[in-house]
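Visitor: Contents of start.cif (mmCIF, C-alpha atoms) are given next:
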```
data_protein
loop_
_atom_site.label_atom_id
_atom_site.label_comp_id
_atom_site.auth_asym_id
_atom_site.auth_seq_id
_atom_site.Cartn_x
_atom_site.Cartn_y
_atom_site.Cartn_z
CA MET B 1 100.50 66.86 61.64
CA ARG B 2 99.31 67.48 65.23
CA ASN B 3 98.76 71.16 64.38
CA LYS B 4 96.67 70.20 61.32
CA LEU B 5 94.54 67.75 63.30
CA ARG B 6 94.07 70.30 66.03
CA GLY B 7 93.02 72.75 63.30
CA VAL B 8 90.37 70.32 62.07
CA LEU B 9 88.91 70.21 65.58
CA VAL B 10 88.87 74.00 65.58
CA VAL B 11 86.92 74.07 62.33
CA LEU B 12 84.42 71.58 63.72
CA ALA B 13 83.87 73.92 66.64
CA VAL B 14 83.47 76.86 64.26
CA VAL B 15 80.94 74.99 62.13
CA GLY B 16 79.00 74.11 65.27
CA ALA B 17 78.87 77.76 66.23
CA LEU B 18 78.02 79.04 62.75
CA GLY B 19 75.15 81.48 62.83
CA MET B 20 75.62 82.21 66.56
CA VAL B 21 79.07 83.73 66.96
CA SER B 22 81.35 85.64 64.61
CA CYS B 23 85.09 85.70 65.22
CA ALA B 24 85.77 87.97 62.25
CA PRO B 25 85.13 91.57 61.30
CA ALA B 26 82.28 90.51 58.97
CA THR B 27 78.83 90.11 60.46
CA VAL B 28 77.39 86.59 60.53
CA ASP B 29 73.72 86.40 59.55
CA GLU B 30 71.57 85.63 62.59
CA PRO B 31 68.95 82.90 62.27
CA SER B 32 65.45 84.17 61.74
CA SER B 33 63.14 84.05 64.74
CA ASP B 34 60.20 83.29 62.46
CA THR B 35 59.11 79.69 62.16
CA ALA B 36 59.97 78.34 58.70
CA PRO B 37 56.92 77.17 56.77
CA ALA B 38 56.49 73.42 56.57
CA ALA B 39 57.41 71.82 53.26
CA PRO B 40 54.49 70.55 51.19
CA ALA B 41 54.11 66.81 51.57
CA SER B 42 54.03 66.45 47.77
CA GLU B 43 57.19 68.51 47.17
CA GLN B 44 59.53 66.65 44.83
CA HIS B 45 62.55 67.91 42.88
CA GLU B 46 65.03 66.19 40.58
CA TRP B 47 68.33 67.88 39.74
CA LYS B 48 71.12 67.23 37.30
CA LEU B 49 74.55 68.22 38.67
CA GLN B 50 77.72 68.34 36.58
CA THR B 51 81.04 68.49 38.35
CA LEU B 52 84.33 69.73 36.90
CA SER B 53 85.97 66.32 37.53
CA THR B 54 86.10 63.11 35.53
CA THR B 55 84.99 59.83 37.09
CA ALA B 56 88.66 58.88 37.54
CA MET B 57 89.32 61.83 39.85
CA ARG B 58 88.71 61.83 43.61
CA HIS B 59 86.88 65.15 43.31
CA TYR B 60 84.14 63.26 41.47
CA VAL B 61 83.59 61.22 44.63
CA ALA B 62 83.12 64.46 46.57
CA ALA B 63 80.36 65.59 44.20
CA THR B 64 78.56 62.26 44.48
CA ARG B 65 78.67 62.46 48.28
CA ILE B 66 77.14 65.93 48.23
CA ALA B 67 74.36 64.58 46.03
CA GLN B 68 73.80 61.59 48.30
CA ARG B 69 73.68 63.77 51.41
CA ILE B 70 71.07 66.01 49.81
CA THR B 71 68.97 63.03 48.78
CA ASP B 72 69.23 61.35 52.20
CA MET B 73 68.73 64.48 54.32
CA SER B 74 65.72 65.53 52.28
CA GLY B 75 64.10 62.13 52.61
CA GLY B 76 64.12 61.84 48.82
CA ARG B 77 62.23 65.11 48.24
CA LEU B 78 65.29 66.43 46.39
CA THR B 79 67.26 63.89 44.38
CA VAL B 80 70.48 64.80 42.57
CA GLU B 81 72.01 62.89 39.66
CA VAL B 82 75.73 63.57 39.17
CA TYR B 83 77.42 63.82 35.76
CA PRO B 84 81.20 64.00 35.17
CA SER B 85 82.99 66.84 33.44
CA GLY B 86 81.86 67.28 29.84
CA ALA B 87 78.90 64.88 30.07
CA VAL B 88 76.16 67.50 29.65
CA VAL B 89 77.95 70.80 28.92
CA PRO B 90 81.59 71.36 27.90
CA SER B 91 84.24 70.85 30.57
CA THR B 92 84.95 74.02 32.61
CA GLN B 93 81.61 75.48 31.44
CA GLU B 94 79.55 73.93 34.23
CA LEU B 95 78.46 77.33 35.52
CA GLN B 96 78.35 79.61 32.49
CA GLU B 97 76.83 77.22 29.92
CA GLY B 98 75.19 74.81 32.34
CA VAL B 99 73.60 76.33 35.43
CA GLU B 100 73.29 79.85 34.04
CA GLN B 101 71.55 78.61 30.89
CA GLY B 102 69.26 76.24 32.79
CA VAL B 103 70.69 73.13 31.09
CA ILE B 104 71.53 71.67 34.52
CA GLU B 105 70.21 72.60 37.94
CA ALA B 106 73.50 72.52 39.86
CA CYS B 107 77.24 72.25 39.46
CA VAL B 108 80.53 72.04 41.30
CA ALA B 109 82.71 74.56 39.49
CA GLY B 110 86.15 76.12 39.74
CA HIS B 111 86.47 79.84 40.42
CA MET B 112 89.43 79.96 38.03
CA ASN B 113 87.13 78.96 35.17
CA GLN B 114 85.14 82.17 35.67
CA LEU B 115 88.08 84.58 35.23
CA ASN B 116 86.88 85.66 31.79
CA LEU B 117 83.79 87.22 33.43
CA PHE B 118 85.08 87.93 36.94
CA PRO B 119 88.76 88.90 37.18
CA ALA B 120 88.65 88.71 41.00
CA ALA B 121 87.41 85.08 40.97
CA GLY B 122 90.89 83.69 41.54
CA LEU B 123 90.98 85.30 44.98
CA PHE B 124 88.30 82.82 46.06
CA ASP B 125 90.30 79.82 44.84
CA GLN B 126 94.05 80.02 45.43
CA VAL B 127 95.96 82.98 46.86
CA SER B 128 99.73 82.64 46.83
CA GLY B 129 101.21 83.67 50.18
CA GLY B 130 97.69 83.68 51.63
CA MET B 131 95.66 81.66 54.10
CA THR B 132 96.05 77.97 54.77
CA SER B 133 93.22 75.58 53.88
CA LEU B 134 91.80 75.66 57.41
CA GLN B 135 92.01 79.42 57.61
CA PHE B 136 90.41 79.69 54.17
CA GLN B 137 87.44 77.54 55.22
CA MET B 138 86.90 79.59 58.36
CA TRP B 139 87.14 82.82 56.40
CA TYR B 140 84.40 81.56 54.09
CA LEU B 141 82.24 80.49 57.03
CA VAL B 142 82.55 83.37 59.48
CA GLY B 143 84.99 85.88 58.00
CA GLY B 144 82.78 87.17 55.22
CA GLY B 145 84.08 84.95 52.42
CA ASN B 146 80.73 83.46 51.45
CA GLN B 147 79.09 86.88 51.39
CA LEU B 148 81.87 88.30 49.20
CA ALA B 149 81.68 85.32 46.83
CA ALA B 150 77.91 85.79 46.52
CA ARG B 151 78.50 89.44 45.62
CA LEU B 152 81.09 88.46 43.02
CA TYR B 153 78.56 86.31 41.17
CA GLU B 154 75.57 88.66 41.55
CA PRO B 155 75.85 89.86 37.90
CA LEU B 156 74.87 86.36 36.74
CA GLN B 157 71.18 86.47 35.81
CA ASN B 158 70.17 82.91 36.62
CA SER B 159 72.65 81.39 39.07
CA VAL B 160 72.99 81.31 42.85
CA TYR B 161 76.30 80.85 44.67
CA VAL B 162 75.54 78.41 47.50
CA GLY B 163 78.92 77.89 49.15
CA LEU B 164 82.02 75.72 49.31
CA ALA B 165 82.15 72.27 47.77
CA ASN B 166 85.85 71.38 48.24
CA VAL B 167 88.88 72.96 49.87
CA ASP B 168 92.16 71.22 49.05
CA PRO B 169 95.24 71.10 51.29
CA GLN B 170 98.46 72.79 50.25
CA GLU B 171 100.19 71.61 47.10
CA ILE B 172 103.81 70.53 46.90
CA PHE B 173 105.86 73.65 46.11
CA CYS B 174 107.66 71.70 43.40
CA HIS B 175 109.33 68.52 42.27
CA SER B 176 112.81 69.33 41.01
CA THR B 177 115.74 67.71 39.28
CA LYS B 178 117.96 70.46 40.69
CA LYS B 179 118.80 71.35 44.29
CA LEU B 180 117.32 74.64 45.48
CA ASP B 181 119.52 75.97 48.26
CA SER B 182 118.99 79.69 47.81
CA LEU B 183 117.04 82.35 45.95
CA GLU B 184 119.79 82.46 43.35
CA ASP B 185 118.94 78.87 42.33
CA LEU B 186 115.56 80.08 41.05
CA LYS B 187 117.16 82.32 38.44
CA GLY B 188 116.58 80.77 35.04
CA LEU B 189 115.07 77.59 36.50
CA LYS B 190 112.74 76.04 33.90
CA PHE B 191 109.68 75.71 36.13
CA ARG B 192 106.31 74.46 34.91
CA THR B 193 103.65 76.33 36.84
CA ALA B 194 100.49 78.39 36.31
CA GLY B 195 98.23 81.05 37.79
CA ASP B 196 99.23 83.89 40.08
CA GLY B 197 101.99 81.76 41.56
CA ALA B 198 103.60 81.58 38.13
CA LEU B 199 103.47 85.36 37.73
CA ILE B 200 105.08 85.83 41.14
CA LEU B 201 107.80 83.27 40.43
CA GLY B 202 108.49 84.98 37.11
CA ARG B 203 109.14 88.21 39.01
CA LEU B 204 111.75 86.31 41.04
CA GLY B 205 113.66 85.29 37.91
CA VAL B 206 112.12 81.87 37.23
CA SER B 207 111.75 80.83 33.59
CA VAL B 208 108.06 79.88 33.64
CA VAL B 209 106.97 77.03 31.34
CA THR B 210 103.34 76.29 30.50
CA LEU B 211 102.45 72.62 30.01
CA PRO B 212 99.35 70.48 30.64
CA GLY B 213 99.57 68.05 33.54
CA GLN B 214 99.62 64.94 31.37
CA GLU B 215 102.87 66.10 29.73
CA LEU B 216 104.85 66.72 32.93
CA TYR B 217 106.27 63.22 33.39
CA GLU B 218 107.85 63.10 29.94
CA ALA B 219 108.95 66.75 30.04
CA ALA B 220 110.83 66.20 33.32
CA GLN B 221 112.25 62.90 32.07
CA ARG B 222 113.61 64.56 28.92
CA GLY B 223 114.95 67.63 30.72
CA VAL B 224 112.53 70.03 29.05
CA ILE B 225 111.75 71.35 32.53
CA ASP B 226 113.87 71.45 35.68
CA ALA B 227 111.01 71.71 38.16
CA PHE B 228 107.23 71.53 38.18
CA GLU B 229 104.14 71.74 40.36
CA TYR B 230 100.89 69.84 40.06
CA GLY B 231 99.04 68.87 43.25
CA GLY B 232 99.50 67.40 46.69
CA PRO B 233 101.70 64.44 47.71
CA ALA B 234 99.09 61.71 47.22
CA VAL B 235 97.92 62.95 43.81
CA ASN B 236 101.48 63.45 42.56
CA TRP B 237 102.60 60.01 43.74
CA ASN B 238 99.89 58.43 41.62
CA MET B 239 101.18 60.45 38.66
CA GLY B 240 104.59 58.78 39.07
CA PHE B 241 106.49 62.04 39.57
CA GLN B 242 108.84 60.38 42.09
CA GLU B 243 110.37 58.59 39.12
CA VAL B 244 111.45 61.73 37.24
CA SER B 245 112.62 64.08 40.02
CA ASP B 246 115.16 63.83 42.82
CA TYR B 247 113.89 66.52 45.15
CA LEU B 248 110.46 67.30 46.58
CA TYR B 249 110.16 70.77 48.13
CA LEU B 250 107.44 71.44 50.67
CA SER B 251 105.96 74.86 51.37
CA PRO B 252 102.43 76.26 51.27
CA VAL B 253 103.48 79.68 49.96
CA ARG B 254 102.82 79.09 46.25
CA ALA B 255 99.57 77.16 46.57
CA PRO B 256 98.35 77.11 50.19
CA THR B 257 94.92 75.83 49.17
CA SER B 258 92.36 75.78 46.39
CA ALA B 259 88.58 75.88 46.57
CA LYS B 260 85.66 74.72 44.43
CA ALA B 261 82.14 76.18 44.66
CA PHE B 262 78.57 74.85 44.55
CA PHE B 263 76.15 76.73 42.29
CA VAL B 264 72.43 76.26 41.66
CA ASN B 265 70.18 77.55 38.90
CA ALA B 266 68.14 80.48 40.29
CA ASP B 267 64.76 79.08 39.22
CA ALA B 268 65.57 75.68 40.70
CA TRP B 269 66.74 77.36 43.91
CA GLU B 270 63.62 79.47 44.33
CA ALA B 271 61.44 76.41 43.80
CA LEU B 272 62.84 74.86 47.01
CA SER B 273 61.21 75.22 50.41
CA PRO B 274 63.40 76.85 53.11
CA ASP B 275 64.35 73.56 54.73
CA LEU B 276 65.57 72.12 51.42
CA LYS B 277 67.69 75.20 50.79
CA GLY B 278 69.24 74.68 54.21
CA ILE B 279 69.91 71.02 53.45
CA VAL B 280 71.75 71.91 50.22
CA LYS B 281 73.96 74.41 52.04
CA VAL B 282 74.79 72.04 54.89
CA ALA B 283 75.46 69.09 52.56
CA SER B 284 77.93 71.11 50.52
CA GLN B 285 79.81 72.57 53.50
CA ALA B 286 79.96 69.20 55.26
CA GLU B 287 81.69 67.71 52.23
CA ALA B 288 84.27 70.52 52.16
CA LEU B 289 85.30 69.70 55.72
CA GLU B 290 85.28 65.91 55.30
CA TRP B 291 87.22 66.21 52.04
CA TYR B 292 89.96 68.24 53.70
CA GLY B 293 90.35 65.70 56.51
CA GLU B 294 90.65 62.85 54.03
CA GLU B 295 93.16 64.66 51.84
CA ILE B 296 95.59 65.58 54.61
CA THR B 297 95.51 61.96 55.78
CA LEU B 298 96.28 60.66 52.28
CA ASP B 299 99.02 63.26 51.80
CA TYR B 300 100.68 62.31 55.08
CA GLY B 301 100.82 58.67 54.05
CA ALA B 302 102.20 59.54 50.63
CA LEU B 303 105.12 61.59 51.95
CA GLY B 304 106.70 58.48 53.46
CA LYS B 305 106.54 56.76 50.09
CA TYR B 306 108.68 59.45 48.47
CA THR B 307 111.40 59.05 51.09
CA ALA B 308 111.31 55.26 50.80
CA TYR B 309 111.58 55.57 47.01
CA GLY B 310 114.72 57.69 47.34
CA ASN B 311 113.49 61.24 46.84
CA GLU B 312 114.76 63.93 49.16
CA VAL B 313 111.77 65.55 50.87
CA ILE B 314 112.91 69.03 51.91
CA ASN B 315 111.30 72.12 53.37
CA LEU B 316 111.74 75.02 50.96
CA PRO B 317 114.67 77.18 52.14
CA GLN B 318 113.52 80.13 54.24
CA GLU B 319 115.29 82.59 51.97
CA ILE B 320 113.06 81.52 49.08
CA VAL B 321 109.94 81.50 51.26
CA ASP B 322 110.59 85.04 52.51
CA ALA B 323 111.31 86.36 49.01
CA PHE B 324 108.20 84.72 47.58
CA VAL B 325 105.92 86.05 50.33
CA ALA B 326 107.32 89.57 49.93
CA GLU B 327 106.79 89.49 46.16
CA ALA B 328 103.30 88.01 46.58
CA THR B 329 102.37 90.83 48.96
CA THR B 330 103.49 93.41 46.41
CA PHE B 331 101.67 91.52 43.63
CA PHE B 332 98.34 91.55 45.47
CA ASP B 333 98.85 95.16 46.62
CA GLU B 334 99.02 96.09 42.95
CA ARG B 335 95.89 94.09 42.19
CA ALA B 336 94.06 95.80 45.06
CA ASP B 337 95.06 99.23 43.74
CA ALA B 338 93.58 98.36 40.34
CA ASP B 339 90.25 96.89 41.50
CA PRO B 340 88.14 98.16 44.44
CA PHE B 341 86.33 94.83 44.86
CA ALA B 342 89.60 92.88 44.79
CA LYS B 343 90.92 95.28 47.42
CA GLU B 344 87.96 94.54 49.68
CA VAL B 345 88.51 90.79 49.32
CA ILE B 346 92.29 90.99 49.83
CA GLU B 347 91.94 93.17 52.92
CA SER B 348 89.28 90.85 54.35
CA GLN B 349 91.53 87.83 53.86
CA ARG B 350 94.55 89.52 55.39
CA VAL B 351 92.62 90.60 58.47
CA PHE B 352 91.26 87.10 59.00
CA LYS B 353 94.69 85.55 58.52
CA GLU B 354 96.03 87.84 61.25
CA ILE B 355 93.26 86.63 63.56
CA CYS B 356 94.27 83.02 62.91
CA VAL B 357 98.04 83.55 63.11
CA ALA B 358 97.70 85.39 66.42
CA GLN B 359 96.11 82.23 67.85
CA ASP B 360 98.37 79.73 66.02
CA ILE B 361 95.39 78.37 64.06
CA GLY B 362 96.02 76.72 60.75
#
```
Can you present the structure in this file as structure tokens?
Guide:
Amino acid sequence: MRNKLRGVLVVLAVVGALGMVSCAPATVDEPSSDTAPAAPASEQHEWKLQTLSTTAMRHYVAATRIAQRITDMSGGRLTVEVYPSGAVVPSTQELQEGVEQGVIEACVAGHMNQLNLFPAAGLFDQVSGGMTSLQFQMWYLVGGGNQLAARLYEPLQNSVYVGLANVDPQEIFCHSTKKLDSLEDLKGLKFRTAGDGALILGRLGVSVVTLPGQELYEAAQRGVIDAFEYGGPAVNWNMGFQEVSDYLYLSPVRAPTSAKAFFVNADAWEALSPDLKGIVKVASQAEALEWYGEEITLDYGALGKYTAYGNEVINLPQEIVDAFVAEATTFFDERADADPFAKEVIESQRVFKEICVAQDIG
């Protein structure tokens, strides 16, 4: 926990230095020496923002705080009304059918929901065996991540990638009804999982099962699955998963983090004065940092509840960690060989992770 809190202080220092110093191979844009034009006194904008979360999810709170920051920091010149997932455009289509079509002015969207158009989008969300949440945020800020993400979405005709909206802490590796002492225990294990982590686990002999989150409790209770992943400790506690599994395995290797992005309709963006554009960027990034601090605090408190309930909270055996990381490295090497842009992103992330690891950051 001390290392995580120290990491938060490091990120605060990085954010304070943003635009002045780059600690990564990528070049940080220097602030313009020209005086920004003053905003017209009559300037007034009203935006609709749809987030990918329902009102019952904590991520919805994050979107409302971004909106409130923008409204407050702009002195009311830019007001943002937040809508939950599915309220204006279909759920998961916040970017493609909402912002891109001009139905809404802004959205908080998942990179994974854009895979049908941009196969490399997942690299900006969750990279198995990759950077921690803190390292990921710093890579976005000063390691070239934001610039690469902007390039990824350049083919969109009417949308602007603004930056991070949320960066989640690591997920629980899995809840399990079976003890996992060695790599051999993964063979044939009925494991509900998804994404690249699922593909990597499948290569290690896991029997991957695909199920929606709302079906996990009953599936584990009935023995349909032996193990499953969903989210972090606090989220999973509220789902009641402590009641249907004996073991909780901790490791960041499968899902070290996940990120959500803030997008704005291009016409709405260009209508803003320079200072309002800056306010939108700062409001979004500030929420990403605050969100991370809140989540690690909630997760820490939740871990004690599992132990008190009777679950065994165990660090994933090193043999499994090492095998997973090795397979993940091979997996992403193959992806890099097949896609020049993915290769550029993967290499950028690996270089920045080395910078952080060398200084025990993250």
Visitor: For the structure provided, state which residues fall under the PyMOL selection byres ((chain B and resi 103) around 10), and present them as number ranges by chain.
Guide: B: 48-49, 88-89, 94-95, 97-102, 104-106, 265
Visitor: Give me the residues near Leu180 of chain B as a list in words, where near means some atom within 10 Å (using only C-alpha atoms) and where sequence neighbours in that chain fewer than 6 positions away do not count.
Guide: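 Here the answer would be Leu186, Leu189, Tyr247, Tyr249, Ile314, Leu316, Pro317 and Ile320 of chain B.
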Visitor: Which residues fall under the PyMOL selection byres ((chain B and resi 115-119) around 12) in this file, as number ranges by chain?
Guide: B: 92-93, 95-96, 110-114, 120-125, 149, 151-156, 195-196, 335-336, 338-342
Visitor: In Å, with one decimal, what is the gap from atom CA of Tyr306 of chain B to atom CA of Leu211 of chain B?
Guide: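 One can read the atom CA of Tyr306 of chain B to atom CA of Leu211 of chain B distance as 23.5 Å.
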Visitor: Considering only C-alpha atoms, state which residue in the set B:Gly197, B:Gly163, B:Gly240, B:Gly75 is at the smallest distance from Val264 of chain B.
Guide: B:Gly163
Visitor: What is the distance, in Å and to one decimal place, between atom CA of Pro256 of chain B and atom CA of Ala358 of chain B?
Guide: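 Taking atom CA of Pro256 of chain B and atom CA of Ala358 of chain B, their separation equals 18.2 Å.
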Visitor: Output as a short mmCIF file (atom, residue, chain, number, x, y, z; two decimals), keeping the file's coordinate frame: segment 120-142 of chain B, completed with N, CA and C atoms.
Guide:
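In the end it all went to result-v6.cif:
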```cif
data_model
loop_
_atom_site.label_atom_id
_atom_site.label_comp_id
_atom_site.auth_asym_id
_atom_site.auth_seq_id
_atom_site.Cartn_x
_atom_site.Cartn_y
_atom_site.Cartn_z
N ALA B 120 88.31 88.93 39.59
CA ALA B 120 88.65 88.71 41.00
C ALA B 120 88.34 87.28 41.46
N ALA B 121 87.83 86.43 40.56
CA ALA B 121 87.41 85.08 40.97
C ALA B 121 88.55 84.26 41.55
N GLY B 122 89.75 84.46 41.04
CA GLY B 122 90.89 83.69 41.54
C GLY B 122 91.17 83.89 43.02
N LEU B 123 90.76 85.02 43.56
CA LEU B 123 90.98 85.30 44.98
C LEU B 123 90.14 84.37 45.87
N PHE B 124 89.15 83.73 45.30
CA PHE B 124 88.30 82.82 46.06
C PHE B 124 88.73 81.36 45.87
N ASP B 125 89.84 81.17 45.14
CA ASP B 125 90.30 79.82 44.84
C ASP B 125 91.67 79.56 45.46
N GLN B 126 92.67 80.28 44.99
CA GLN B 126 94.05 80.02 45.43
C GLN B 126 94.80 81.35 45.49
N VAL B 127 95.27 81.70 46.68
CA VAL B 127 95.96 82.98 46.86
C VAL B 127 97.37 82.70 47.34
N SER B 128 98.34 82.89 46.47
CA SER B 128 99.73 82.64 46.83
C SER B 128 100.14 83.54 48.00
N GLY B 129 100.80 82.92 48.99
CA GLY B 129 101.21 83.67 50.18
C GLY B 129 100.06 83.95 51.13
N GLY B 130 98.88 83.37 50.84
CA GLY B 130 97.69 83.68 51.63
C GLY B 130 97.39 82.67 52.72
N MET B 131 96.09 82.51 53.00
CA MET B 131 95.66 81.66 54.10
C MET B 131 95.85 80.18 53.81
N THR B 132 96.02 79.41 54.89
CA THR B 132 96.05 77.97 54.77
C THR B 132 94.63 77.46 54.46
N SER B 133 94.53 76.16 54.19
CA SER B 133 93.22 75.58 53.88
C SER B 133 92.23 75.76 55.03
N LEU B 134 92.69 75.51 56.25
CA LEU B 134 91.80 75.66 57.41
C LEU B 134 91.37 77.11 57.59
N GLN B 135 92.33 78.01 57.48
CA GLN B 135 92.01 79.42 57.61
C GLN B 135 91.05 79.87 56.52
N PHE B 136 91.26 79.35 55.31
CA PHE B 136 90.41 79.69 54.17
C PHE B 136 88.97 79.26 54.43
N GLN B 137 88.79 78.03 54.93
CA GLN B 137 87.44 77.54 55.22
C GLN B 137 86.76 78.41 56.27
N MET B 138 87.49 78.77 57.30
CA MET B 138 86.90 79.59 58.36
C MET B 138 86.58 80.98 57.87
N TRP B 139 87.42 81.50 56.98
CA TRP B 139 87.14 82.82 56.40
C TRP B 139 85.84 82.77 55.60
N TYR B 140 85.65 81.71 54.82
CA TYR B 140 84.40 81.56 54.09
C TYR B 140 83.21 81.50 55.05
N LEU B 141 83.35 80.73 56.12
CA LEU B 141 82.24 80.49 57.03
C LEU B 141 81.87 81.70 57.87
N VAL B 142 82.86 82.31 58.51
CA VAL B 142 82.55 83.37 59.48
C VAL B 142 83.33 84.66 59.25
#
```
